[in-house]
Amino acid sequence: MNQIRARVAAAAQQLGLALVGVAPAVDGSPPRAYDPFAAYRAWVEAGLYGEMAYLARPDALAWREDLRQVLPGVRSVIVVAALYAGHDPPAEGFGDRSRGLVARYAWGEDYHDVLISALEQMAASIRDTVDRPIATRVYVDTGPLLERDLAVRAGLGFIGRNTCLIHPRLGSWLLLGELLLDLDLGPPGPIFQAHSCHHSGTCGRCTRCLDACPTHAFPAPYLLDARRCISYLTIELKGPIPRHLRPLLGHRIFGCDVCQTVCPWNRVAQDHALPHPAFRPQPDRIVPSLLELLALDEEGFRRRFRHSALWRARRRGLLRNVAVALGNSGDPATVPALVRALDDAEPLVRGHAAWALGQIGSHEAQKALQSALAQEADQWVREEIQAALAQGALTPV
Ligand code: B12
Ligand code: SF4
Ligand code: SF4
């Protein structure tokens, strides 16, 4: 047992992880002040998951509550966390509205690849130590697990009012992954911490994240309405972004960091910065030029983002977001590029480009919208064009 724990800790250090802990697969801990499963069920029942239907499947709900349905015989869960930021973001370009803001977790390599590979290496190293075949399962993000709750049970931190897992010394710029095992790894708690911590944290009386959220996505502390969250709107939502929310996105084109940036625990964390090397920011992902992104074709998008978390949005989703950001910039110099986007093969891109032109509202924008309306066959795009025209001086012909 101790030998396995020591191996895991050594592997964690070698793999650049910030935290590793063990949680019992079956939660035998004394009742807590809140019931995470009840909270999850209530969240689903209230429809706060939006169109992420995989989160509401009845079988997936049952799996979250009983991991033995995910891996028969499971005894322990190794929870790992990698730090992806911990230093001040480079100031240049952040206030420039001709550039898009990308959430920090997407500045480096795709975290799914990084953590899955780390967990598989960890599993291999455990197999070398045990003289019987062992059953394992690796999850990063997409599995039927309450990853934040498992991290709490593994002693890796506490849940903040913004619903994020926060480590009292490293903050919340953490990404999580799990290794399920049919081995009992002993008592729950951390087995490796890049910066050890013997005290637990709380939010105290702070409410900064709730107050700062640009789309007012927290109906209550510890409760997020995903349908309003910019992360959902720009990454998970596949269709149109609701019109009334578009102005609130500003120039955020992929995810959002506001409720973590304002968190005092992340200021503490800067003194102990230890980001995983794979998440080192790649210059073209921090504040990319909006016009450059709008000009990407499928092949260009693939080349630029294939191994990045931005891939998840696909070209059509990213260009939808870029069009919204250009509309919010209100810059008439972007009209020619938006007019070209009115001819895009994707209706989703055409419709949001129309909205952006309506926001800019120049004479040139209005003329382009009128001629697009004369040719547009897609019903939803026509509605967007009509709504955009209605915002300006000219009426549809
Ligand atoms: C769906 C999802 C989203 C949705 C919904 C998020 C949400 N808060 O529910 C959207 C698309 C909006 C989203 C956004 C983001 N996500 Co996300 N997401 C997920 C996913 C796949 C499921 C989360 C889920 O089940 N939500 C439902 C709610 C009810 O569950 P929960 O978030 O676990 O909330 C728990 C607490 O609120 C707690 N609780 C409830 N009541 C109370 C009361 C008290 C007093 C306390 C203390 C706790 C408490 O119990 C709940 C159940 O465990 C997880 C991966 C996974 N499988 O767990 C990643 C995950 C949560 N996301 C992650 C990240 C990084 C993000 C973003 C930061 C990305 C970005 N920059 O844009 C934002 C953060 C937004 C935010 N404030 O949460 C990380 C979080 C790491 C961390 N440090 O917490 C995860 C774990 C992915 C990973 N593998 O690293 N995400
Ligand atoms: S990620 Fe942004 S939009 Fe989502 S809850 Fe946090 S502050 Fe609000
Ligand atoms: S900003 Fe304040 S309330 Fe929100 S998670 Fe951080 S400490 Fe908690």
# chains A, B, ... in the order shown; residues from 1 in each chain; ligands from 1
$ closest_atom_pairs --of "range 248-354 of chain A" --to "range 5-16 of chain A" --cutoff "10 Å" --atoms "only C-alpha atoms" --output "CSV"
residue,atom,partner,partner_atom,distance
A:Leu274,CA,A:Gly16,CA,8.6
A:Pro275,CA,A:Gly16,CA,8.1
A:His276,CA,A:Gly16,CA,5.5
A:Pro277,CA,A:Gly16,CA,7.3
A:Ala278,CA,A:Gly16,CA,9.0
$ residues_near_ligand --ligand "ligand 2" --cutoff "6 Å" --atoms "only C-alpha atoms and all ligand atoms" --output "ChimeraX atom specification"
/A:213-215,217,229-231,256-259
$ residues_around --residues "range 304-314 of chain A" --least-positions-apart "4" --cutoff "7 Å" --atoms "only C-alpha atoms" --output "number ranges by chain"
A: 106, 108-110, 235, 300, 318
$ closest_atom_pairs --of "range 211-271 of chain A" --to "range 150-172 of chain A" --cutoff "6 Å" --atoms "only C-alpha atoms" --output "CSV"
residue,atom,partner,partner_atom,distance
A:Pro221,CA,A:Arg161,CA,4.9
A:Tyr222,CA,A:Arg161,CA,4.5
A:Trp265,CA,A:Gly171,CA,5.1
A:Asn266,CA,A:Gly171,CA,4.6
A:Ala269,CA,A:Leu170,CA,4.5
$ residues_near_ligand --ligand "ligand 3" --cutoff "6 Å" --atoms "only C-alpha atoms and all ligand atoms" --output "MDAnalysis selection string"
chainID A and resid 160:162 203 206:209 262:264
$ atom_distance --atom1 "CA of Asp184 in chain A" --atom2 "CA of Arg64 in chain A"
19.4 Å
$ closest_residue --among "A:Tyr139, A:Tyr111, A:Tyr54, A:Tyr40" --to "ligand 1" --atoms "only C-alpha atoms and all ligand atoms"
A:Tyr40
$ residues_around --residues "Glu298 in chain A" --least-positions-apart "3" --cutoff "8 Å" --atoms "only C-alpha atoms" --output "PyMOL selection string"
chain A and resi 301-302+315
$ select_by_dssp --residues "range 47-133 of chain A" --states "alpha helix (DSSP H)" --output "list in words"
Pro58, Asp59, Ala60, Leu61, Ala62, Trp63, Arg64, Glu65, Tyr111, His112, Asp113, Val114, Leu115, Ile116, Ser117, Ala118, Leu119, Glu120, Gln121, Met122, Ala123, Ala124, Ser125, Ile126, Arg127, Asp128 and Thr129 of chain A
$ write_last_selection --atoms "C-alpha atoms" --output "mmCIF file, in the first residue's frame"
data_model
loop_
_atom_site.group_PDB
_atom_site.id
_atom_site.type_symbol
_atom_site.label_atom_id
_atom_site.label_comp_id
_atom_site.auth_asym_id
_atom_site.auth_seq_id
_atom_site.Cartn_x
_atom_site.Cartn_y
_atom_site.Cartn_z
ATOM 1 C CA PRO A 58 -30.749 9.173 -15.868
ATOM 2 C CA ASP A 59 -28.068 6.450 -16.135
ATOM 3 C CA ALA A 60 -25.300 9.062 -15.877
ATOM 4 C CA LEU A 61 -26.927 10.452 -12.730
ATOM 5 C CA ALA A 62 -26.860 7.002 -11.156
ATOM 6 C CA TRP A 63 -23.202 6.500 -12.171
ATOM 7 C CA ARG A 64 -22.170 9.709 -10.422
ATOM 8 C CA GLU A 65 -23.699 8.426 -7.213
ATOM 9 C CA TYR A 111 -5.583 19.500 -21.090
ATOM 10 C CA HIS A 112 -7.488 16.332 -21.904
ATOM 11 C CA ASP A 113 -4.461 14.972 -23.777
ATOM 12 C CA VAL A 114 -2.031 16.094 -21.076
ATOM 13 C CA LEU A 115 -3.939 14.648 -18.117
ATOM 14 C CA ILE A 116 -5.084 11.439 -19.802
ATOM 15 C CA SER A 117 -1.487 10.674 -20.705
ATOM 16 C CA ALA A 118 -0.313 11.476 -17.141
ATOM 17 C CA LEU A 119 -3.000 9.237 -15.612
ATOM 18 C CA GLU A 120 -2.195 6.384 -17.985
ATOM 19 C CA GLN A 121 1.478 6.600 -17.038
ATOM 20 C CA MET A 122 0.473 6.582 -13.400
ATOM 21 C CA ALA A 123 -1.673 3.478 -13.959
ATOM 22 C CA ALA A 124 1.259 1.754 -15.685
ATOM 23 C CA SER A 125 3.537 2.568 -12.797
ATOM 24 C CA ILE A 126 1.029 1.108 -10.306
ATOM 25 C CA ARG A 127 0.689 -2.043 -12.426
ATOM 26 C CA ASP A 128 4.468 -2.560 -12.139
ATOM 27 C CA THR A 129 4.116 -2.617 -8.358
#
$ residues_around --residues "Val22 in chain A" --least-positions-apart "2" --cutoff "7 Å" --atoms "only C-alpha atoms" --output "count of residues only"
9
$ residues_around --residues "range 338-345 of chain A" --least-positions-apart "4" --cutoff "12 Å" --atoms "only C-alpha atoms" --output "MDAnalysis selection string"
chainID A and resid 290:298 315:316 319:320 322:327 330:334 349:360 364:373 375:378 381:382 384:385
$ select_by_dssp --residues "range 100-171 of chain A" --states "strand (DSSP E or B)" --output "VMD selection string"
chain A and resid 101 to 102 136 to 139 158 to 159 165 to 167 171
$ atom_distance --atom1 "CA of Ala56 in chain A" --atom2 "CA of Val70 in chain A"
16.3 Å
$ closest_residue --among "A:Pro247, A:Gly93, A:Pro31, A:Gly50" --to "ligand 1" --atoms "only C-alpha atoms and all ligand atoms"
A:Gly50
